[in-house]
file structure.cif (mmCIF, N, CA and C atoms)
data_target
#
loop_
_atom_site.label_atom_id
_atom_site.label_comp_id
_atom_site.auth_asym_id
_atom_site.auth_seq_id
_atom_site.Cartn_x
_atom_site.Cartn_y
_atom_site.Cartn_z
N MET Y 1 0.81 -1.19 0.00
CA MET Y 1 0.00 0.00 0.00
C MET Y 1 0.86 1.26 0.00
N GLY Y 2 2.17 1.11 0.02
CA GLY Y 2 3.03 2.27 0.02
C GLY Y 2 3.39 2.77 -1.36
N HIS Y 3 2.96 2.08 -2.40
CA HIS Y 3 3.29 2.47 -3.77
C HIS Y 3 2.59 3.79 -4.11
N PRO Y 4 3.26 4.69 -4.85
CA PRO Y 4 2.66 5.98 -5.20
C PRO Y 4 1.31 5.88 -5.90
N TRP Y 5 1.03 4.77 -6.60
CA TRP Y 5 -0.24 4.63 -7.31
C TRP Y 5 -1.42 4.46 -6.35
N VAL Y 6 -1.16 3.94 -5.16
CA VAL Y 6 -2.25 3.70 -4.22
C VAL Y 6 -2.25 4.67 -3.05
N ARG Y 7 -1.31 5.59 -3.01
CA ARG Y 7 -1.27 6.58 -1.94
C ARG Y 7 -2.01 7.83 -2.37
N VAL Y 8 -2.61 8.50 -1.41
CA VAL Y 8 -3.29 9.76 -1.65
C VAL Y 8 -2.57 10.82 -0.83
N ASN Y 9 -2.02 11.83 -1.49
CA ASN Y 9 -1.25 12.88 -0.82
C ASN Y 9 -0.13 12.30 0.04
N GLY Y 10 0.50 11.24 -0.46
CA GLY Y 10 1.65 10.66 0.23
C GLY Y 10 1.29 9.66 1.31
N VAL Y 11 0.00 9.41 1.54
CA VAL Y 11 -0.43 8.50 2.60
C VAL Y 11 -1.35 7.44 2.00
N ALA Y 12 -1.11 6.18 2.35
CA ALA Y 12 -1.98 5.10 1.87
C ALA Y 12 -3.33 5.21 2.58
N PRO Y 13 -4.43 5.22 1.82
CA PRO Y 13 -5.76 5.35 2.45
C PRO Y 13 -6.13 4.09 3.23
N ASP Y 14 -6.99 4.26 4.24
CA ASP Y 14 -7.44 3.14 5.05
C ASP Y 14 -8.64 2.41 4.45
N LYS Y 15 -9.26 2.99 3.43
CA LYS Y 15 -10.45 2.36 2.87
C LYS Y 15 -10.08 1.11 2.08
N PRO Y 16 -10.95 0.11 2.11
CA PRO Y 16 -10.65 -1.15 1.40
C PRO Y 16 -10.67 -0.96 -0.11
N LEU Y 17 -9.97 -1.84 -0.79
CA LEU Y 17 -9.94 -1.80 -2.24
C LEU Y 17 -11.31 -2.16 -2.80
N ASP Y 18 -11.65 -1.57 -3.93
CA ASP Y 18 -12.89 -1.87 -4.62
C ASP Y 18 -12.91 -3.34 -5.02
N SER Y 19 -14.09 -3.94 -5.06
CA SER Y 19 -14.19 -5.37 -5.40
C SER Y 19 -13.67 -5.65 -6.81
N ALA Y 20 -13.83 -4.68 -7.73
CA ALA Y 20 -13.32 -4.88 -9.09
C ALA Y 20 -11.79 -4.96 -9.08
N VAL Y 21 -11.16 -4.15 -8.24
CA VAL Y 21 -9.69 -4.19 -8.13
C VAL Y 21 -9.26 -5.54 -7.59
N LEU Y 22 -9.95 -6.01 -6.57
CA LEU Y 22 -9.60 -7.32 -6.00
C LEU Y 22 -9.79 -8.43 -7.02
N THR Y 23 -10.86 -8.35 -7.80
CA THR Y 23 -11.11 -9.35 -8.83
C THR Y 23 -9.98 -9.36 -9.85
N ARG Y 24 -9.58 -8.17 -10.29
CA ARG Y 24 -8.49 -8.07 -11.27
C ARG Y 24 -7.18 -8.60 -10.70
N LEU Y 25 -6.91 -8.31 -9.42
CA LEU Y 25 -5.69 -8.83 -8.79
C LEU Y 25 -5.71 -10.36 -8.75
N LYS Y 26 -6.88 -10.92 -8.44
CA LYS Y 26 -7.00 -12.39 -8.42
C LYS Y 26 -6.78 -12.97 -9.81
N GLN Y 27 -7.35 -12.31 -10.83
CA GLN Y 27 -7.17 -12.78 -12.20
C GLN Y 27 -5.71 -12.70 -12.60
N PHE Y 28 -5.06 -11.59 -12.23
CA PHE Y 28 -3.65 -11.44 -12.57
C PHE Y 28 -2.81 -12.52 -11.90
N SER Y 29 -3.10 -12.81 -10.63
CA SER Y 29 -2.30 -13.81 -9.93
C SER Y 29 -2.51 -15.21 -10.50
N ALA Y 30 -3.64 -15.41 -11.19
CA ALA Y 30 -3.92 -16.71 -11.78
C ALA Y 30 -3.22 -16.91 -13.12
N MET Y 31 -2.71 -15.84 -13.72
CA MET Y 31 -2.02 -15.97 -15.01
C MET Y 31 -0.76 -16.81 -14.84
N ASN Y 32 -0.36 -17.44 -15.92
CA ASN Y 32 0.86 -18.23 -15.81
C ASN Y 32 2.09 -17.31 -15.69
N LYS Y 33 3.13 -17.84 -15.19
CA LYS Y 33 4.33 -17.06 -14.86
C LYS Y 33 4.92 -16.36 -16.07
N LEU Y 34 4.98 -17.02 -17.20
CA LEU Y 34 5.56 -16.42 -18.40
C LEU Y 34 4.76 -15.19 -18.84
N LYS Y 35 3.43 -15.30 -18.80
CA LYS Y 35 2.59 -14.17 -19.18
C LYS Y 35 2.81 -12.99 -18.24
N LYS Y 36 2.93 -13.25 -16.95
CA LYS Y 36 3.18 -12.19 -15.98
C LYS Y 36 4.50 -11.48 -16.27
N ILE Y 37 5.53 -12.26 -16.56
CA ILE Y 37 6.83 -11.68 -16.85
C ILE Y 37 6.78 -10.85 -18.12
N ALA Y 38 6.09 -11.35 -19.14
CA ALA Y 38 5.98 -10.61 -20.40
C ALA Y 38 5.25 -9.28 -20.20
N ILE Y 39 4.16 -9.29 -19.45
CA ILE Y 39 3.42 -8.05 -19.18
C ILE Y 39 4.28 -7.07 -18.40
N LYS Y 40 5.01 -7.56 -17.42
CA LYS Y 40 5.87 -6.69 -16.61
C LYS Y 40 6.96 -6.05 -17.46
N VAL Y 41 7.59 -6.84 -18.33
CA VAL Y 41 8.65 -6.32 -19.19
C VAL Y 41 8.10 -5.24 -20.12
N ILE Y 42 6.94 -5.49 -20.69
CA ILE Y 42 6.32 -4.52 -21.59
C ILE Y 42 5.99 -3.24 -20.82
N ALA Y 43 5.37 -3.38 -19.66
CA ALA Y 43 4.97 -2.21 -18.88
C ALA Y 43 6.17 -1.39 -18.44
N GLU Y 44 7.24 -2.04 -18.05
CA GLU Y 44 8.43 -1.32 -17.58
C GLU Y 44 9.17 -0.64 -18.73
N SER Y 45 8.95 -1.10 -19.95
CA SER Y 45 9.68 -0.51 -21.07
C SER Y 45 8.96 0.70 -21.67
N LEU Y 46 7.72 0.97 -21.23
CA LEU Y 46 6.97 2.10 -21.77
C LEU Y 46 7.48 3.42 -21.23
N SER Y 47 7.52 4.42 -22.09
CA SER Y 47 7.90 5.76 -21.66
C SER Y 47 6.69 6.45 -21.03
N GLU Y 48 6.92 7.57 -20.36
CA GLU Y 48 5.82 8.34 -19.77
C GLU Y 48 4.84 8.78 -20.86
N GLU Y 49 5.36 9.14 -22.02
CA GLU Y 49 4.50 9.57 -23.13
C GLU Y 49 3.62 8.43 -23.62
N GLU Y 50 4.20 7.23 -23.71
CA GLU Y 50 3.43 6.07 -24.16
C GLU Y 50 2.34 5.72 -23.15
N ILE Y 51 2.67 5.81 -21.87
CA ILE Y 51 1.69 5.53 -20.82
C ILE Y 51 0.56 6.55 -20.91
N ALA Y 52 0.92 7.83 -21.07
CA ALA Y 52 -0.10 8.88 -21.19
C ALA Y 52 -0.98 8.63 -22.41
N GLY Y 53 -0.39 8.20 -23.51
CA GLY Y 53 -1.15 7.90 -24.72
C GLY Y 53 -2.12 6.74 -24.51
N LEU Y 54 -1.66 5.71 -23.80
CA LEU Y 54 -2.53 4.56 -23.52
C LEU Y 54 -3.69 4.96 -22.60
N LYS Y 55 -3.40 5.82 -21.63
CA LYS Y 55 -4.47 6.29 -20.75
C LYS Y 55 -5.51 7.08 -21.53
N GLU Y 56 -5.07 7.93 -22.44
CA GLU Y 56 -6.01 8.71 -23.25
C GLU Y 56 -6.83 7.79 -24.16
N MET Y 57 -6.18 6.78 -24.73
CA MET Y 57 -6.88 5.84 -25.59
C MET Y 57 -7.94 5.09 -24.78
N PHE Y 58 -7.58 4.69 -23.56
CA PHE Y 58 -8.53 4.00 -22.70
C PHE Y 58 -9.73 4.89 -22.42
N LYS Y 59 -9.47 6.15 -22.07
CA LYS Y 59 -10.57 7.09 -21.78
C LYS Y 59 -11.46 7.28 -23.01
N MET Y 60 -10.86 7.29 -24.19
CA MET Y 60 -11.62 7.47 -25.42
C MET Y 60 -12.55 6.26 -25.66
N ILE Y 61 -12.07 5.07 -25.36
CA ILE Y 61 -12.86 3.86 -25.57
C ILE Y 61 -13.91 3.69 -24.46
N ASP Y 62 -13.57 4.05 -23.23
CA ASP Y 62 -14.46 3.91 -22.08
C ASP Y 62 -15.47 5.07 -22.07
N THR Y 63 -16.44 5.00 -22.98
CA THR Y 63 -17.34 6.14 -23.21
C THR Y 63 -18.25 6.44 -22.03
N ASP Y 64 -18.55 5.45 -21.19
CA ASP Y 64 -19.42 5.74 -20.05
C ASP Y 64 -18.63 6.15 -18.80
N GLY Y 65 -17.29 6.17 -18.91
CA GLY Y 65 -16.45 6.61 -17.81
C GLY Y 65 -16.47 5.69 -16.60
N SER Y 66 -16.81 4.43 -16.81
CA SER Y 66 -16.92 3.48 -15.70
C SER Y 66 -15.57 2.96 -15.21
N GLY Y 67 -14.54 3.13 -16.03
CA GLY Y 67 -13.24 2.56 -15.68
C GLY Y 67 -13.08 1.14 -16.19
N HIS Y 68 -14.11 0.65 -16.87
CA HIS Y 68 -14.09 -0.68 -17.48
C HIS Y 68 -14.51 -0.54 -18.93
N ILE Y 69 -13.88 -1.31 -19.80
CA ILE Y 69 -14.25 -1.29 -21.21
C ILE Y 69 -15.11 -2.51 -21.50
N THR Y 70 -16.33 -2.25 -21.97
CA THR Y 70 -17.24 -3.33 -22.33
C THR Y 70 -16.93 -3.79 -23.75
N LEU Y 71 -17.50 -4.92 -24.11
CA LEU Y 71 -17.32 -5.44 -25.46
C LEU Y 71 -17.83 -4.43 -26.49
N GLU Y 72 -19.00 -3.84 -26.22
CA GLU Y 72 -19.57 -2.85 -27.15
C GLU Y 72 -18.68 -1.62 -27.26
N GLU Y 73 -18.15 -1.14 -26.14
CA GLU Y 73 -17.26 0.03 -26.17
C GLU Y 73 -16.00 -0.27 -26.97
N LEU Y 74 -15.45 -1.48 -26.80
CA LEU Y 74 -14.25 -1.85 -27.54
C LEU Y 74 -14.54 -1.92 -29.03
N LYS Y 75 -15.65 -2.55 -29.41
CA LYS Y 75 -16.01 -2.64 -30.83
C LYS Y 75 -16.17 -1.24 -31.43
N THR Y 76 -16.89 -0.37 -30.74
CA THR Y 76 -17.12 0.99 -31.23
C THR Y 76 -15.81 1.76 -31.32
N GLY Y 77 -14.97 1.63 -30.31
CA GLY Y 77 -13.68 2.33 -30.31
C GLY Y 77 -12.77 1.87 -31.44
N LEU Y 78 -12.75 0.58 -31.69
CA LEU Y 78 -11.92 0.05 -32.78
C LEU Y 78 -12.44 0.50 -34.14
N GLU Y 79 -13.77 0.53 -34.28
CA GLU Y 79 -14.36 1.02 -35.54
C GLU Y 79 -14.00 2.49 -35.75
N ARG Y 80 -14.04 3.28 -34.66
CA ARG Y 80 -13.76 4.70 -34.74
C ARG Y 80 -12.35 4.99 -35.25
N VAL Y 81 -11.40 4.13 -34.90
CA VAL Y 81 -10.01 4.35 -35.34
C VAL Y 81 -9.70 3.61 -36.64
N GLY Y 82 -10.73 2.98 -37.22
CA GLY Y 82 -10.55 2.33 -38.51
C GLY Y 82 -9.96 0.94 -38.47
N ALA Y 83 -9.96 0.32 -37.30
CA ALA Y 83 -9.43 -1.04 -37.19
C ALA Y 83 -10.42 -2.03 -37.80
N ASP Y 84 -9.92 -2.93 -38.61
CA ASP Y 84 -10.76 -3.93 -39.26
C ASP Y 84 -10.52 -5.27 -38.57
N ILE Y 85 -11.20 -5.47 -37.44
CA ILE Y 85 -11.01 -6.69 -36.64
C ILE Y 85 -12.35 -7.40 -36.55
N LYS Y 86 -12.33 -8.71 -36.77
CA LYS Y 86 -13.55 -9.51 -36.71
C LYS Y 86 -14.11 -9.52 -35.29
N GLU Y 87 -15.44 -9.58 -35.20
CA GLU Y 87 -16.09 -9.58 -33.90
C GLU Y 87 -15.62 -10.74 -33.03
N LEU Y 88 -15.39 -11.90 -33.62
CA LEU Y 88 -14.90 -13.05 -32.87
C LEU Y 88 -13.54 -12.74 -32.24
N ASP Y 89 -12.67 -12.07 -32.98
CA ASP Y 89 -11.35 -11.72 -32.46
C ASP Y 89 -11.46 -10.70 -31.32
N ILE Y 90 -12.40 -9.77 -31.43
CA ILE Y 90 -12.61 -8.78 -30.37
C ILE Y 90 -13.12 -9.48 -29.12
N THR Y 91 -14.03 -10.42 -29.30
CA THR Y 91 -14.56 -11.19 -28.16
C THR Y 91 -13.44 -11.98 -27.49
N ARG Y 92 -12.60 -12.60 -28.28
CA ARG Y 92 -11.46 -13.35 -27.71
C ARG Y 92 -10.51 -12.43 -26.97
N LEU Y 93 -10.30 -11.24 -27.49
CA LEU Y 93 -9.44 -10.25 -26.84
C LEU Y 93 -10.00 -9.89 -25.47
N MET Y 94 -11.31 -9.72 -25.39
CA MET Y 94 -11.94 -9.37 -24.12
C MET Y 94 -11.85 -10.51 -23.11
N GLN Y 95 -11.78 -11.74 -23.60
CA GLN Y 95 -11.72 -12.90 -22.71
C GLN Y 95 -10.30 -13.20 -22.25
N ALA Y 96 -9.32 -12.60 -22.91
CA ALA Y 96 -7.91 -12.89 -22.57
C ALA Y 96 -7.50 -12.29 -21.25
#
call {"tool": "encode", "arguments": {"input": "structure.cif", "output": "structure tokens"}}
result
Amino acid sequence: MGHPWVRVNGVAPDKPLDSAVLTRLKQFSAMNKLKKIAIKVIAESLSEEEIAGLKEMFKMIDTDGSGHITLEELKTGLERVGADIKELDITRLMQA
């Protein structure tokens, strides 16, 4: 809880984590070791500009501002940027 991402004004809050956060943490811990290492390497290699760009892209796709991207939001977002991806592939992406 001491990581800057979870601290507020330099202090870790006492409130419990949201259930969605806990669910995602459980899902992440269930991934196989190689996948975890690959994600970590990719994340650590991103520049601040790339991270900012990904955050903006996420906000653009998350049209209801819920913090979660639904299948419909992803399909609409991909269409908006001109991506030609089959619906089956988008569904598989969401399940990954």
call {"tool": "select_by_dssp", "arguments": {"input": "structure.cif", "residues": "chain Y", "states": "helix (DSSP H, G or I)", "output": "PyMOL selection string"}}
result
chain Y and resi 19-30+33-45+48-61+71-80+87-95
call {"tool": "atom_distance", "arguments": {"input": "structure.cif", "atom1": "atom C of Y:Glu72", "atom2": "atom C of Y:Leu46"}}
result
27.3 Å
call {"tool": "atom_distance", "arguments": {"input": "structure.cif", "atom1": "atom C of Y:Lys26", "atom2": "atom C of Y:Ile42"}}
result
19.5 Å
call {"tool": "atom_distance", "arguments": {"input": "structure.cif", "atom1": "atom N of Y:Ile61", "atom2": "atom CA of Y:Thr76"}}
result
8.8 Å
call {"tool": "closest_residue", "arguments": {"input": "structure.cif", "among": "Y:Met31, Y:Leu78, Y:Val41, Y:Leu54", "to": "Y:Ala96", "atoms": "only C-alpha atoms"}}
result
Y:Met31
call {"tool": "resolve_selection", "arguments": {"input": "structure.cif", "expression": "the PyMOL selection byres (((chain Y and resi 68-70 and name CA) around 12) and name CA)", "output": "JSON, numbers by chain"}}
result
{"Y": [20, 21, 24, 57, 58, 59, 60, 61, 62, 63, 64, 65, 66, 67, 71, 72, 73, 74, 75, 76, 77, 78, 90, 91, 93, 94, 95]}
call {"tool": "decode", "arguments": {"input": "structure.cif", "residues": "stretch 16-45 of chain Y", "atoms": "N, CA, C and O atoms", "output": "mmCIF file, in the first residue's frame"}}
result
data_model
loop_
_atom_site.group_PDB
_atom_site.id
_atom_site.type_symbol
_atom_site.label_atom_id
_atom_site.label_comp_id
_atom_site.auth_asym_id
_atom_site.auth_seq_id
_atom_site.Cartn_x
_atom_site.Cartn_y
_atom_site.Cartn_z
ATOM 1 N N PRO Y 16 -10.953 0.111 2.114
ATOM 2 C CA PRO Y 16 -10.648 -1.150 1.404
ATOM 3 C C PRO Y 16 -10.671 -0.959 -0.105
ATOM 4 O O PRO Y 16 -11.303 -0.041 -0.620
ATOM 5 N N LEU Y 17 -9.970 -1.843 -0.788
ATOM 6 C CA LEU Y 17 -9.941 -1.805 -2.244
ATOM 7 C C LEU Y 17 -11.311 -2.161 -2.801
ATOM 8 O O LEU Y 17 -12.037 -2.974 -2.224
ATOM 9 N N ASP Y 18 -11.652 -1.573 -3.928
ATOM 10 C CA ASP Y 18 -12.894 -1.871 -4.621
ATOM 11 C C ASP Y 18 -12.905 -3.339 -5.021
ATOM 12 O O ASP Y 18 -11.863 -3.928 -5.317
ATOM 13 N N SER Y 19 -14.088 -3.944 -5.056
ATOM 14 C CA SER Y 19 -14.188 -5.368 -5.401
ATOM 15 C C SER Y 19 -13.666 -5.652 -6.806
ATOM 16 O O SER Y 19 -13.105 -6.720 -7.067
ATOM 17 N N ALA Y 20 -13.828 -4.681 -7.728
ATOM 18 C CA ALA Y 20 -13.315 -4.877 -9.094
ATOM 19 C C ALA Y 20 -11.790 -4.959 -9.079
ATOM 20 O O ALA Y 20 -11.199 -5.751 -9.812
ATOM 21 N N VAL Y 21 -11.156 -4.152 -8.238
ATOM 22 C CA VAL Y 21 -9.694 -4.190 -8.126
ATOM 23 C C VAL Y 21 -9.256 -5.544 -7.586
ATOM 24 O O VAL Y 21 -8.321 -6.158 -8.099
ATOM 25 N N LEU Y 22 -9.947 -6.011 -6.569
ATOM 26 C CA LEU Y 22 -9.601 -7.320 -6.005
ATOM 27 C C LEU Y 22 -9.791 -8.434 -7.019
ATOM 28 O O LEU Y 22 -8.966 -9.342 -7.120
ATOM 29 N N THR Y 23 -10.858 -8.354 -7.797
ATOM 30 C CA THR Y 23 -11.108 -9.354 -8.833
ATOM 31 C C THR Y 23 -9.980 -9.362 -9.851
ATOM 32 O O THR Y 23 -9.472 -10.425 -10.236
ATOM 33 N N ARG Y 24 -9.576 -8.168 -10.290
ATOM 34 C CA ARG Y 24 -8.489 -8.074 -11.274
ATOM 35 C C ARG Y 24 -7.178 -8.604 -10.696
ATOM 36 O O ARG Y 24 -6.400 -9.252 -11.396
ATOM 37 N N LEU Y 25 -6.909 -8.314 -9.425
ATOM 38 C CA LEU Y 25 -5.692 -8.835 -8.792
ATOM 39 C C LEU Y 25 -5.712 -10.356 -8.747
ATOM 40 O O LEU Y 25 -4.695 -11.010 -9.000
ATOM 41 N N LYS Y 26 -6.881 -10.925 -8.441
ATOM 42 C CA LYS Y 26 -6.999 -12.388 -8.416
ATOM 43 C C LYS Y 26 -6.784 -12.970 -9.806
ATOM 44 O O LYS Y 26 -6.109 -13.987 -9.969
ATOM 45 N N GLN Y 27 -7.352 -12.311 -10.829
ATOM 46 C CA GLN Y 27 -7.175 -12.782 -12.197
ATOM 47 C C GLN Y 27 -5.708 -12.702 -12.603
ATOM 48 O O GLN Y 27 -5.180 -13.613 -13.230
ATOM 49 N N PHE Y 28 -5.057 -11.594 -12.229
ATOM 50 C CA PHE Y 28 -3.645 -11.438 -12.573
ATOM 51 C C PHE Y 28 -2.809 -12.516 -11.899
ATOM 52 O O PHE Y 28 -1.924 -13.102 -12.518
ATOM 53 N N SER Y 29 -3.098 -12.810 -10.632
ATOM 54 C CA SER Y 29 -2.301 -13.811 -9.935
ATOM 55 C C SER Y 29 -2.515 -15.210 -10.498
ATOM 56 O O SER Y 29 -1.672 -16.084 -10.340
ATOM 57 N N ALA Y 30 -3.645 -15.407 -11.192
ATOM 58 C CA ALA Y 30 -3.919 -16.711 -11.779
ATOM 59 C C ALA Y 30 -3.220 -16.914 -13.123
ATOM 60 O O ALA Y 30 -3.125 -18.029 -13.621
ATOM 61 N N MET Y 31 -2.707 -15.844 -13.715
ATOM 62 C CA MET Y 31 -2.017 -15.966 -15.006
ATOM 63 C C MET Y 31 -0.755 -16.810 -14.841
ATOM 64 O O MET Y 31 -0.145 -16.831 -13.788
ATOM 65 N N ASN Y 32 -0.357 -17.439 -15.921
ATOM 66 C CA ASN Y 32 0.865 -18.226 -15.805
ATOM 67 C C ASN Y 32 2.086 -17.314 -15.693
ATOM 68 O O ASN Y 32 2.042 -16.129 -16.028
ATOM 69 N N LYS Y 33 3.133 -17.842 -15.186
ATOM 70 C CA LYS Y 33 4.326 -17.063 -14.859
ATOM 71 C C LYS Y 33 4.920 -16.356 -16.075
ATOM 72 O O LYS Y 33 5.312 -15.187 -15.993
ATOM 73 N N LEU Y 34 4.983 -17.015 -17.203
ATOM 74 C CA LEU Y 34 5.555 -16.415 -18.400
ATOM 75 C C LEU Y 34 4.757 -15.194 -18.836
ATOM 76 O O LEU Y 34 5.332 -14.154 -19.185
ATOM 77 N N LYS Y 35 3.433 -15.298 -18.795
ATOM 78 C CA LYS Y 35 2.591 -14.171 -19.181
ATOM 79 C C LYS Y 35 2.811 -12.990 -18.244
ATOM 80 O O LYS Y 35 2.884 -11.844 -18.679
ATOM 81 N N LYS Y 36 2.933 -13.252 -16.949
ATOM 82 C CA LYS Y 36 3.183 -12.186 -15.980
ATOM 83 C C LYS Y 36 4.505 -11.481 -16.272
ATOM 84 O O LYS Y 36 4.584 -10.256 -16.248
ATOM 85 N N ILE Y 37 5.528 -12.263 -16.558
ATOM 86 C CA ILE Y 37 6.834 -11.684 -16.849
ATOM 87 C C ILE Y 37 6.778 -10.847 -18.120
ATOM 88 O O ILE Y 37 7.316 -9.739 -18.170
ATOM 89 N N ALA Y 38 6.094 -11.353 -19.141
ATOM 90 C CA ALA Y 38 5.980 -10.612 -20.403
ATOM 91 C C ALA Y 38 5.254 -9.283 -20.196
ATOM 92 O O ALA Y 38 5.691 -8.236 -20.691
ATOM 93 N N ILE Y 39 4.163 -9.293 -19.447
ATOM 94 C CA ILE Y 39 3.422 -8.051 -19.184
ATOM 95 C C ILE Y 39 4.282 -7.070 -18.400
ATOM 96 O O ILE Y 39 4.299 -5.873 -18.695
ATOM 97 N N LYS Y 40 5.014 -7.561 -17.424
ATOM 98 C CA LYS Y 40 5.866 -6.692 -16.612
ATOM 99 C C LYS Y 40 6.962 -6.054 -17.465
ATOM 100 O O LYS Y 40 7.230 -4.855 -17.360
ATOM 101 N N VAL Y 41 7.587 -6.839 -18.330
ATOM 102 C CA VAL Y 41 8.652 -6.317 -19.195
ATOM 103 C C VAL Y 41 8.096 -5.237 -20.125
ATOM 104 O O VAL Y 41 8.700 -4.175 -20.292
ATOM 105 N N ILE Y 42 6.938 -5.495 -20.693
ATOM 106 C CA ILE Y 42 6.321 -4.517 -21.592
ATOM 107 C C ILE Y 42 5.988 -3.242 -20.823
ATOM 108 O O ILE Y 42 6.297 -2.131 -21.269
ATOM 109 N N ALA Y 43 5.367 -3.381 -19.664
ATOM 110 C CA ALA Y 43 4.969 -2.212 -18.877
ATOM 111 C C ALA Y 43 6.173 -1.386 -18.440
ATOM 112 O O ALA Y 43 6.138 -0.157 -18.486
ATOM 113 N N GLU Y 44 7.239 -2.042 -18.045
ATOM 114 C CA GLU Y 44 8.425 -1.322 -17.583
ATOM 115 C C GLU Y 44 9.168 -0.640 -18.725
ATOM 116 O O GLU Y 44 9.925 0.299 -18.493
ATOM 117 N N SER Y 45 8.949 -1.098 -19.947
ATOM 118 C CA SER Y 45 9.678 -0.514 -21.067
ATOM 119 C C SER Y 45 8.956 0.697 -21.675
ATOM 120 O O SER Y 45 9.507 1.371 -22.533
#
